[in-house]
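Student: Provided herewith: upload-v4.txt, compact mmCIF, C-alpha atoms.
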```
# COMPACT_ATOMS: atom_id res chain seq x y z
CA MET Z 63 -9.53 178.88 221.22
CA ALA Z 64 -9.88 181.93 223.37
CA VAL Z 65 -6.28 182.75 224.18
CA ALA Z 66 -3.65 183.88 221.70
CA SER Z 67 -0.38 182.02 221.45
CA ILE Z 68 2.78 183.55 222.91
CA GLN Z 69 5.74 184.76 220.92
CA VAL Z 70 9.06 183.13 221.72
CA SER Z 71 12.48 184.68 221.11
CA GLU Z 72 14.25 181.57 219.93
CA THR Z 73 17.91 182.23 220.59
CA PRO Z 74 20.01 179.07 220.14
CA LEU Z 75 20.00 178.29 223.87
CA VAL Z 76 16.26 178.96 224.29
CA LEU Z 77 15.52 176.80 221.25
CA TYR Z 78 17.79 174.06 222.56
CA ALA Z 79 16.03 173.94 225.93
CA LEU Z 80 12.57 174.08 224.33
CA ARG Z 81 13.36 171.19 221.99
CA ARG Z 82 14.36 168.92 224.90
CA ALA Z 83 11.50 170.17 227.05
CA ASP Z 84 9.02 169.46 224.25
CA ASP Z 85 10.47 165.95 223.83
CA ALA Z 86 9.91 165.24 227.51
CA LEU Z 87 6.46 166.84 227.71
CA ILE Z 88 5.04 165.14 224.62
CA LEU Z 89 6.31 161.67 225.46
CA GLY Z 90 5.27 162.17 229.09
CA HIS Z 91 1.78 163.13 227.93
CA ARG Z 92 1.57 160.07 225.68
CA LEU Z 93 2.50 157.83 228.62
CA SER Z 94 -0.11 159.52 230.81
CA GLU Z 95 -2.76 158.44 228.29
CA TRP Z 96 -2.14 154.86 229.48
CA CYS Z 97 -3.13 155.72 233.04
CA GLY Z 98 -5.86 153.29 234.05
CA HIS Z 99 -5.53 151.27 230.81
CA ALA Z 100 -2.24 149.39 231.12
CA PRO Z 101 -2.18 145.58 230.90
CA ALA Z 102 -1.44 145.14 234.62
CA LEU Z 103 -1.48 147.30 237.75
CA GLU Z 104 2.32 147.28 238.05
CA GLU Z 105 2.63 148.36 234.44
CA ASP Z 106 0.06 151.10 234.92
CA MET Z 107 2.21 152.48 237.73
CA ALA Z 108 5.41 152.06 235.70
CA LEU Z 109 4.05 154.00 232.73
CA ALA Z 110 2.69 156.75 234.98
CA ASN Z 111 6.02 156.90 236.83
CA MET Z 112 7.99 157.24 233.62
CA GLY Z 113 5.56 159.91 232.43
CA LEU Z 114 6.07 161.76 235.71
CA ASP Z 115 9.86 161.65 235.32
CA LEU Z 116 9.52 163.14 231.84
CA LEU Z 117 7.08 165.80 233.00
CA GLY Z 118 9.56 166.80 235.70
CA GLN Z 119 12.37 167.03 233.15
CA ALA Z 120 10.12 169.14 230.92
CA ARG Z 121 9.33 171.55 233.75
CA GLU Z 122 12.98 172.11 234.59
CA LEU Z 123 13.89 172.66 230.94
CA TYR Z 124 10.95 175.02 230.29
CA THR Z 125 11.80 176.98 233.41
CA TYR Z 126 15.38 177.27 232.25
CA ALA Z 127 14.27 178.36 228.76
CA ALA Z 128 12.11 181.05 230.39
CA THR Z 129 15.03 182.27 232.50
CA VAL Z 130 17.36 182.43 229.51
CA GLU Z 131 14.75 184.11 227.31
CA GLY Z 132 13.85 186.67 230.01
CA LYS Z 133 10.63 187.81 228.34
CA GLY Z 134 8.16 186.91 231.05
CA ASN Z 135 7.25 183.48 229.70
CA ASP Z 136 7.16 180.52 232.05
CA GLU Z 137 6.75 176.74 232.00
CA ASP Z 138 2.95 176.93 231.74
CA LYS Z 139 2.97 179.44 228.90
CA PHE Z 140 5.45 177.33 226.94
CA ALA Z 141 3.35 174.20 227.43
CA TYR Z 142 -0.14 175.64 227.04
CA LEU Z 143 0.17 178.69 224.82
CA ARG Z 144 2.26 177.61 221.86
CA ASP Z 145 0.76 176.35 218.61
CA ILE Z 146 1.73 173.15 216.88
CA ARG Z 147 4.25 174.91 214.63
CA GLN Z 148 6.02 176.30 217.71
CA TYR Z 149 6.51 172.80 219.18
CA ARG Z 150 9.98 171.38 218.55
CA ASN Z 151 9.75 167.79 219.74
CA LEU Z 152 10.94 164.73 217.83
CA LEU Z 153 8.29 163.21 215.56
CA LEU Z 154 8.90 159.83 217.16
CA LEU Z 155 7.55 160.99 220.49
CA GLU Z 156 4.22 162.33 219.24
CA GLN Z 157 3.31 159.07 217.49
CA PRO Z 158 0.17 157.54 219.00
CA ASN Z 159 0.45 154.89 221.70
CA GLY Z 160 -1.08 152.20 219.51
CA ASP Z 161 -0.86 148.87 221.28
CA PHE Z 162 1.47 148.07 224.18
CA ALA Z 163 4.20 146.83 221.83
CA ARG Z 164 4.19 150.12 219.95
CA THR Z 165 4.37 152.17 223.17
CA MET Z 166 7.30 150.10 224.44
CA THR Z 167 9.15 150.22 221.11
CA ARG Z 168 8.81 154.00 220.95
CA GLN Z 169 10.01 154.22 224.57
CA PHE Z 170 12.96 151.93 223.93
CA PHE Z 171 14.17 153.77 220.81
CA TYR Z 172 14.01 157.09 222.67
CA SER Z 173 15.25 156.00 226.11
CA ALA Z 174 18.25 154.17 224.65
CA PHE Z 175 19.16 157.53 223.10
CA ALA Z 176 18.22 159.75 226.08
CA ASP Z 177 20.29 157.59 228.43
CA LEU Z 178 23.44 158.19 226.35
CA TYR Z 179 22.57 161.77 225.57
CA TRP Z 180 21.97 162.97 229.13
CA ARG Z 181 25.00 161.12 230.43
CA ALA Z 182 27.15 162.99 227.90
CA MET Z 183 25.37 166.26 228.75
CA MET Z 184 26.51 165.99 232.38
CA GLN Z 185 29.79 167.43 231.04
CA SER Z 186 28.04 170.49 229.57
CA ALA Z 187 29.72 173.84 230.18
CA ASP Z 188 26.25 175.09 231.16
CA ALA Z 189 25.82 174.27 234.87
CA THR Z 190 22.00 174.21 234.76
CA LEU Z 191 21.87 171.88 231.76
CA ALA Z 192 24.51 169.66 233.37
CA ALA Z 193 22.41 169.44 236.57
CA ILE Z 194 19.22 168.63 234.65
CA ALA Z 195 21.21 166.02 232.73
CA ALA Z 196 22.46 164.43 235.96
CA LYS Z 197 18.88 163.65 237.01
CA SER Z 198 17.55 162.81 233.57
CA GLU Z 199 20.40 160.37 233.01
CA LYS Z 200 19.44 158.23 235.99
CA GLU Z 201 15.75 158.36 235.14
CA SER Z 202 16.42 157.47 231.49
CA ALA Z 203 18.53 154.53 232.64
CA TYR Z 204 15.49 153.08 234.43
CA HIS Z 205 13.34 153.74 231.35
CA VAL Z 206 15.69 152.01 228.94
CA ARG Z 207 15.98 149.00 231.21
CA HIS Z 208 12.21 148.71 231.64
CA SER Z 209 11.38 149.15 227.95
CA SER Z 210 14.17 146.82 226.75
CA GLU Z 211 12.99 144.05 229.08
CA TRP Z 212 9.50 144.42 227.66
CA LEU Z 213 10.68 144.42 224.07
CA VAL Z 214 12.52 141.14 224.67
CA ARG Z 215 9.46 139.63 226.33
CA LEU Z 216 7.17 140.74 223.51
CA GLY Z 217 9.49 139.78 220.65
CA ASP Z 218 10.42 136.45 222.18
CA GLY Z 219 6.90 135.83 223.46
CA THR Z 220 3.93 134.54 221.49
CA ALA Z 221 3.55 134.67 217.72
CA GLU Z 222 1.04 137.49 218.18
CA SER Z 223 3.25 139.61 220.45
CA HIS Z 224 6.20 138.99 218.10
CA ARG Z 225 4.16 140.13 215.10
CA ARG Z 226 3.04 143.30 216.87
CA ALA Z 227 6.53 144.18 218.15
CA GLN Z 228 8.03 143.69 214.70
CA GLY Z 229 5.28 145.85 213.18
CA ALA Z 230 6.02 148.62 215.68
CA ILE Z 231 9.75 148.51 214.88
CA ASP Z 232 9.06 148.64 211.15
CA ASP Z 233 6.70 151.60 211.48
CA LEU Z 234 8.73 153.67 213.97
CA TRP Z 235 12.20 153.07 212.57
CA ALA Z 236 12.01 155.99 210.10
CA TYR Z 237 11.50 158.39 213.04
CA THR Z 238 14.75 157.45 214.81
CA GLY Z 239 17.10 159.37 212.50
CA GLU Z 240 15.85 162.73 213.74
CA MET Z 241 17.39 162.12 217.17
CA PHE Z 242 20.85 162.44 215.65
CA GLU Z 243 20.24 165.48 213.43
CA VAL Z 244 21.94 168.81 214.16
CA ASP Z 245 21.13 172.20 212.60
CA GLY Z 246 23.15 175.42 212.53
CA SER Z 247 21.58 176.77 215.70
CA GLU Z 248 22.62 173.73 217.67
CA ARG Z 249 26.02 173.40 216.01
CA ALA Z 250 27.11 176.66 217.64
CA LEU Z 251 26.18 175.28 221.08
CA ILE Z 252 28.06 172.06 220.38
CA ASP Z 253 31.16 174.02 219.35
CA GLY Z 254 30.86 176.03 222.57
CA GLY Z 255 30.73 172.93 224.80
CA ILE Z 256 27.13 173.69 225.86
CA ALA Z 257 25.58 170.80 223.94
CA VAL Z 258 26.91 167.45 222.77
CA ASP Z 259 26.87 166.16 219.21
CA PRO Z 260 24.19 163.46 219.07
CA ALA Z 261 25.65 161.99 215.89
CA ALA Z 262 28.66 160.83 217.92
CA LEU Z 263 26.30 158.74 220.07
CA ARG Z 264 24.67 156.87 217.20
CA PRO Z 265 27.13 153.91 217.04
CA GLN Z 266 26.60 153.16 220.74
CA TRP Z 267 22.83 153.63 220.38
CA LEU Z 268 22.73 151.31 217.38
CA LYS Z 269 24.68 148.68 219.28
CA THR Z 270 22.29 148.78 222.26
CA VAL Z 271 19.27 148.70 219.96
CA SER Z 272 20.69 145.89 217.81
CA ASP Z 273 21.58 143.79 220.87
CA VAL Z 274 18.13 144.10 222.43
CA VAL Z 275 16.25 143.64 219.15
CA GLY Z 276 18.40 140.59 218.42
CA GLU Z 277 17.73 139.10 221.85
CA ALA Z 278 14.04 139.72 221.21
CA THR Z 279 14.33 137.62 218.00
CA LEU Z 280 13.23 140.70 216.06
CA ASN Z 281 14.86 142.49 213.12
CA LEU Z 282 15.76 146.09 212.38
CA PRO Z 283 14.56 147.38 209.00
CA LYS Z 284 17.13 147.65 206.23
CA SER Z 285 15.87 151.07 205.12
CA ASP Z 286 18.01 154.12 205.92
CA TRP Z 287 15.41 156.66 204.82
CA MET Z 288 14.52 158.87 207.77
CA GLN Z 289 11.64 161.24 208.40
CA GLN Z 290 12.33 164.63 209.98
CA GLY Z 291 10.74 168.03 210.63
CA GLY Z 292 9.76 168.03 214.29
CA ARG Z 293 12.73 170.12 215.36
CA ASP Z 294 11.56 172.84 212.96
CA GLY Z 295 7.90 172.65 213.91
CA ARG Z 296 6.71 170.47 211.00
CA HIS Z 297 4.71 167.73 212.67
CA SER Z 298 2.57 164.73 211.91
CA GLU Z 299 -1.20 165.13 212.21
CA HIS Z 300 -1.10 163.41 215.60
CA LEU Z 301 0.44 166.29 217.55
CA GLY Z 302 -2.48 168.65 216.90
CA HIS Z 303 -4.92 166.25 218.52
CA LEU Z 304 -2.60 165.77 221.48
CA LEU Z 305 -2.19 169.53 221.98
CA SER Z 306 -5.91 170.21 221.73
CA GLU Z 307 -6.43 167.93 224.69
CA LEU Z 308 -3.38 169.18 226.58
CA GLN Z 309 -4.24 172.86 226.08
CA SER Z 310 -8.03 172.99 226.07
CA MET Z 311 -8.48 174.04 229.71
CA PRO Z 312 -5.96 176.89 229.90
CA ARG Z 313 -6.99 178.11 226.44
CA THR Z 314 -10.68 178.12 227.33
CA PHE Z 315 -10.38 179.44 230.87
CA PRO Z 316 -7.33 181.76 230.85
CA GLY Z 317 -5.56 182.00 234.18
CA ALA Z 318 -7.84 179.47 235.86
CA THR Z 319 -6.47 178.00 239.09
CA TRP Z 320 -7.76 175.36 241.44
CA MET V 413 17.51 196.69 265.54
CA VAL V 414 21.19 196.14 266.20
CA THR V 415 22.36 192.96 264.59
CA THR V 416 25.35 191.32 266.15
CA LEU V 417 27.22 188.45 264.65
CA SER V 418 26.16 186.12 267.45
CA GLY V 419 22.59 187.30 267.05
CA ASP V 420 22.66 186.39 263.38
CA VAL V 421 24.18 183.03 264.19
CA GLN V 422 21.42 182.36 266.73
CA LEU V 423 18.76 183.48 264.31
CA GLY V 424 20.34 181.34 261.63
CA GLN V 425 20.21 178.31 263.92
CA ARG V 426 16.56 178.98 264.77
CA ALA V 427 15.70 179.31 261.10
CA TRP V 428 17.63 176.17 260.26
CA ASP V 429 15.88 174.20 263.00
CA ALA V 430 12.48 175.38 261.77
CA ALA V 431 13.17 174.50 258.14
CA ALA V 432 14.95 171.25 258.97
CA GLY V 433 11.88 169.97 260.82
CA VAL V 434 9.75 169.93 257.66
CA VAL V 435 8.97 166.41 256.52
CA ASP V 436 8.45 164.92 253.07
CA PRO V 437 4.65 164.53 252.71
CA GLU V 438 5.05 161.17 250.97
CA ILE V 439 7.70 159.79 253.36
CA PRO V 440 6.62 161.48 256.59
CA MET V 441 9.26 159.82 258.74
CA LEU V 442 11.99 161.74 256.90
CA THR V 443 12.76 165.42 257.32
CA ILE V 444 14.15 167.42 254.43
CA ALA V 445 17.41 167.57 256.38
CA ASP V 446 17.52 163.74 256.52
CA LEU V 447 16.87 163.63 252.77
CA GLY V 448 19.59 166.13 251.94
CA VAL V 449 17.03 168.38 250.23
CA LEU V 450 17.79 171.28 252.58
CA ARG V 451 20.91 172.97 251.23
CA ASP V 452 21.27 176.26 253.03
CA VAL V 453 19.51 178.64 255.38
CA ALA V 454 20.73 182.23 255.46
CA VAL V 455 19.46 185.10 257.61
CA THR V 456 20.21 188.60 256.37
CA ASP V 457 18.77 191.60 258.26
CA GLY V 458 16.17 189.30 259.80
CA ARG V 459 15.00 187.95 256.41
CA VAL V 460 15.40 184.24 255.80
CA GLU V 461 16.29 182.59 252.55
CA VAL V 462 16.15 178.82 252.36
CA VAL V 463 17.82 176.93 249.54
CA ILE V 464 16.49 173.52 248.59
CA THR V 465 17.23 171.10 245.78
CA PRO V 466 14.69 168.86 244.03
CA THR V 467 15.00 165.09 244.33
CA TYR V 468 13.51 163.21 241.38
CA SER V 469 12.67 165.45 238.40
CA GLY V 470 8.95 164.78 238.63
CA CYS V 471 8.58 164.56 242.40
CA PRO V 472 5.20 166.19 243.13
CA ALA V 473 6.14 166.66 246.79
CA MET V 474 8.49 169.54 246.06
CA ASN V 475 5.73 172.18 245.81
CA MET V 476 4.29 170.96 249.09
CA ILE V 477 7.70 171.00 250.76
CA GLN V 478 8.28 174.59 249.68
CA LEU V 479 4.94 175.65 251.16
CA GLU V 480 5.63 173.76 254.40
CA ILE V 481 9.02 175.47 254.79
CA GLU V 482 7.40 178.89 254.42
CA LEU V 483 4.76 178.01 257.00
CA ALA V 484 7.32 176.59 259.45
CA LEU V 485 9.42 179.75 259.25
CA GLU V 486 6.38 182.00 259.65
CA ARG V 487 5.43 180.03 262.75
CA ALA V 488 8.99 180.47 264.07
CA GLY V 489 8.55 184.23 263.75
CA PHE V 490 10.26 184.93 260.45
CA ARG V 491 8.33 187.27 258.18
CA HIS V 492 8.15 186.67 254.43
CA PRO V 493 10.64 183.82 254.19
CA LYS V 494 11.97 183.04 250.76
CA VAL V 495 12.55 179.55 249.37
CA ARG V 496 14.86 179.22 246.42
CA THR V 497 15.37 176.05 244.37
CA VAL V 498 18.78 175.23 242.96
CA LEU V 499 19.47 172.38 240.54
CA SER V 500 23.25 172.28 240.65
CA PRO V 501 24.87 170.16 241.94
CA ALA V 502 22.14 167.59 241.36
CA TRP V 503 20.67 165.80 244.37
CA THR V 504 21.53 162.14 244.81
CA THR V 505 20.44 159.51 247.31
CA ASP V 506 24.07 159.51 248.50
CA TRP V 507 23.16 162.66 250.40
CA MET V 508 20.64 160.89 252.61
CA SER V 509 21.88 160.90 256.19
CA ALA V 510 22.63 157.75 258.20
CA GLU V 511 19.83 158.84 260.50
CA GLY V 512 17.51 159.07 257.50
CA ARG V 513 18.44 155.56 256.36
CA ARG V 514 17.78 154.19 259.85
CA LYS V 515 14.36 155.89 260.00
CA LEU V 516 13.42 154.51 256.59
CA ARG V 517 14.30 150.96 257.62
CA GLU V 518 12.35 151.26 260.87
CA TYR V 519 9.33 152.48 258.92
CA GLY V 520 9.53 149.44 256.62
CA ILE V 521 11.19 150.98 253.57
CA ALA V 522 14.55 149.58 252.46
CA PRO V 523 17.00 152.50 252.20
CA PRO V 524 18.91 153.18 248.95
CA GLN V 525 22.20 151.41 248.43
CA ALA V 526 25.12 153.43 249.72
CA THR V 527 26.34 154.60 246.33
CA SER V 528 24.28 155.75 243.39
CA SER V 529 26.99 154.92 240.85
CA ARG V 530 25.87 153.25 237.65
CA ARG V 531 27.16 149.99 239.06
CA ALA V 532 24.76 150.31 241.96
CA LEU V 533 21.99 151.29 239.55
CA PHE V 534 22.54 148.33 237.26
CA GLY V 535 24.90 145.95 238.94
CA VAL V 536 23.76 143.26 241.31
CA GLN V 537 21.23 144.81 243.62
CA GLU V 538 21.43 143.61 247.18
CA VAL V 539 18.51 144.89 249.15
CA ALA V 540 17.93 143.61 252.67
CA CYS V 541 14.35 143.10 253.81
CA PRO V 542 13.47 145.93 256.23
CA GLN V 543 11.16 143.56 258.14
CA CYS V 544 13.34 140.51 258.84
CA GLY V 545 16.76 141.60 257.57
CA SER V 546 17.11 138.73 255.09
CA ASP V 547 19.10 139.32 251.89
CA ASP V 548 16.96 136.78 250.04
CA THR V 549 14.77 139.35 248.27
CA GLU V 550 13.49 139.96 244.74
CA VAL V 551 12.19 142.89 242.75
CA LEU V 552 8.49 142.82 241.83
CA SER V 553 8.34 146.12 239.96
CA GLU V 554 10.93 148.81 239.26
CA PHE V 555 8.28 151.47 239.68
CA GLY V 556 6.39 151.73 242.95
CA SER V 557 3.85 153.89 244.72
CA THR V 558 5.93 157.07 244.27
CA SER V 559 8.66 158.03 241.82
CA CYS V 560 11.37 157.38 244.43
CA LYS V 561 10.39 153.80 245.22
CA ALA V 562 10.41 150.31 243.73
CA LEU V 563 8.35 147.34 244.89
CA TRP V 564 10.23 144.36 246.31
CA ARG V 565 9.39 141.11 248.10
CA CYS V 566 11.22 139.12 250.74
CA ARG V 567 11.51 135.42 249.88
CA SER V 568 12.29 134.62 253.51
CA CYS V 569 9.44 136.27 255.43
CA ARG V 570 7.26 136.64 252.28
CA GLU V 571 6.48 140.31 253.05
CA PRO V 572 6.36 142.80 250.17
CA PHE V 573 8.18 146.07 250.86
CA ASP V 574 9.12 149.39 249.27
CA TYR V 575 12.71 150.05 248.28
CA PHE V 576 13.95 153.65 248.03
CA LYS V 577 15.63 153.64 244.61
CA CYS V 578 19.16 154.85 244.00
CA HIS V 579 19.20 158.19 242.24
```
Hey, can you dump this file as structure tokens for me?
Tutor:
Amino acid sequence: MAVASIQVSETPLVLYALRRADDALILGHRLSEWCGHAPALEEDMALANMGLDLLGQARELYTYAATVEGKGNDEDKFAYLRDIRQYRNLLLLEQPNGDFARTMTRQFFYSAFADLYWRAMMQSADATLAAIAAKSEKESAYHVRHSSEWLVRLGDGTAESHRRAQGAIDDLWAYTGEMFEVDGSERALIDGGIAVDPAALRPQWLKTVSDVVGEATLNLPKSDWMQQGGRDGRHSEHLGHLLSELQSMPRTFPGATW
Amino acid sequence: MVTTLSGDVQLGQRAWDAAAGVVDPEIPMLTIADLGVLRDVAVTDGRVEVVITPTYSGCPAMNMIQLEIELALERAGFRHPKVRTVLSPAWTTDWMSAEGRRKLREYGIAPPQATSSRRALFGVQEVACPQCGSDDTEVLSEFGSTSCKALWRCRSCREPFDYFKCH
């Protein structure tokens, strides 16, 4: 790689915005990988549309992080010139697309959370975060509806689609706990009314997830053991491959425009 | 140059008219004023600053709209116009003008429901066919040709049509 990575001054607010921006960028990128490969034309457009929503959310959050940091970084530098250890997204969102059931299960677990999270964040004392939340909340609502309808169709579909959907739930379940984790940096923002405590949203999330999974004739795993590390930059092997594709052009041809 | 209050007001109106005439490249029958994207136009010492607000987070038309505003103002005689984007308060389809809704319908796109409350987002959706006016319609796909539209079909006249989603 020809271009060095940037340094980021991770104050609590900068780190907060980067974590949410990374969530949106990485999941948006995963969805974009479906472009031209989805099971039907309508679904191809739906996945691309959801990816576009997430990319837009990422851009607003990166731009805000850059403003708060005030060190000359911008949305492109954050996306293209940070190494894997500087990425702060949830591990769930970097997991590979797998089959369609796996993509929809990942989307459903996250969107059911994002919908609640952004709605609560509309009350943030930070006007910019509240405004970003107001848009993201509506977009997430469409995403959770779309992905939950699919999960029901897959779970309550054929024996094969049921088997695949259940396998996706079993494999991805251990990545859902990280959504509700809070560290010291974020605790200060929660106490200041800037951020909301995600742990408070878990009962409602679990109810939504349980209802949909039940309607889909599927089961949630019994295990409570949860994987974490993404928020601190410790990632699965999958993110490196994703970033190498995402960053190869700007790293190889610095400053290229077209 | 002596700037009088009335002169500034006239300049402000000229600048507003120039900016307000810019259309959305993906929905060319709607101006940014119809959409509610145009927030403010201020003229200070002959320099124009236009304030706009983004629609959907990922709408790719926003970059184009910004460029078009700058060009429109340059053509109207304003040097080095500035376009600033503000996020708060967040744009909603509630801001679309009645004129904008009428233009959408005439073009063949069903306008968004009058309120973007969660009930409108997820309650019973009643979308009239922009072709024949029938309420007997059904959704084909929640996600359409652009991020602001869904794909619907009229059961009465059998025509498919775009619906501008509530946001």
Student: Give me the residues near segment 552-567 of chain V as a ChimeraX atom specification, where near means some atom within 8 Å (using only C-alpha atoms) and where sequence neighbours in that chain fewer than 2 positions away do not count.
Tutor: /Z:104,107-108,111,114-115,204,208 /V:438,468,470-471,541,546-550,569-577
Student: To one decimal in Å, tell me the separation between atom CA of Val206 of chain Z and atom CA of Glu277 of chain Z.
Tutor: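 Taking atom CA of Val206 of chain Z as the start and atom CA of Glu277 of chain Z as the end point, the length is 14.9 Å.
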Student: My list of candidates is Z:Glu156, Z:Gln169, Z:Arg181, Z:Gln228. Which is closest to chain V when distances are computed with only C-alpha atoms?
Tutor: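 Ranked by minimum distance to chain V, first place goes to Z:Arg181.
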Student: Write out as a PyMOL selection string each polymer residue whose atoms come within 12 Å of segment 193-196 of chain Z, counting only C-alpha atoms; drop sequence neighbours fewer than 5 positions from it.
Tutor: (chain Z and resi 79+82-83+115-116+118-126+176-188+201-203+256-258) or (chain V and resi 465-470+498-504+528-530+579)
Student: Per residue of segment 479-564 of chain V within 12 Å of segment 419-425 of chain V, what are the shortest atom pair and its distance in Å to one decimal, counting all atoms listed in the file, with rows by chain and residue number, as JSON lines?
Tutor:
```
{"residue": "V:Leu485", "atom": "CA", "partner": "V:Leu423", "partner_atom": "CA", "distance": 11.3}
{"residue": "V:Ala488", "atom": "CA", "partner": "V:Leu423", "partner_atom": "CA", "distance": 10.2}
{"residue": "V:Gly489", "atom": "CA", "partner": "V:Leu423", "partner_atom": "CA", "distance": 10.3}
{"residue": "V:Phe490", "atom": "CA", "partner": "V:Leu423", "partner_atom": "CA", "distance": 9.4}
```
Student: Counting all atoms listed in the file, what is within 12 Å of Pro265 of chain Z, bar same-chain residues fewer than 3 positions away, as a PyMOL selection string?
Tutor: chain Z and resi 174-175+178+242+260-262+268-272
Student: Can you tell me which residues surround Pro542 of chain V at a distance of at most 7 Å, considering all atoms listed in the file, apart from same-chain residues fewer than 5 positions away, and format the answer as a list in words?
Tutor: Arg517, Gly520, Ile521 and Ala522 of chain V
Student: Using only C-alpha atoms, pick whichever of V:Leu447, V:Ile481, V:Ala473, V:Leu516 has the shortest atom-to-atom distance to Asp429 of chain V.
Tutor: V:Ile481
Student: Could you please determine the separation between atom CA of Asp85 of chain Z and atom CA of Thr497 of chain V in Å, to one decimal place?
Tutor: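 Between atom CA of Asp85 of chain Z and atom CA of Thr497 of chain V the gap works out to 23.4 Å.
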Student: Which is closer to chain V than all the others in Z:Tyr142, Z:Ser67, Z:Ser198, Z:Val130, using all atoms listed in the file?
Tutor: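 Checking each candidate against chain V, we get Z:Ser198 as the closest.
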Student: How many Å separate atom CA of Gly545 of chain V from atom CA of Gln525 of chain V?
Tutor: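 Between atom CA of Gly545 of chain V and atom CA of Gln525 of chain V the gap is 14.5 Å.
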Student: Using only C-alpha atoms, which of the listed residues (Z:Ser173, Z:Ser94, Z:Thr165, Z:Asn151) sits closest to Gly229 of chain Z?
Tutor: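 Of Z:Ser173, Z:Ser94, Z:Thr165, Z:Asn151, the one nearest Gly229 of chain Z, counting only C-alpha atoms, is Z:Thr165.
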Student: Select, from Z:Lys133, Z:His297, Z:Arg225, Z:Arg207, the residue with the minimum atom-to-atom distance to chain V, counting all atoms listed in the file.
Tutor: Z:Arg207
Student: Measuring between all atoms listed in the file, which one of Z:Leu155, Z:Leu234, Z:Leu263, Z:Ala110 shows the shortest distance to chain V?
Tutor: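 Residue with the minimum atom-to-atom distance to chain V: Z:Ala110.
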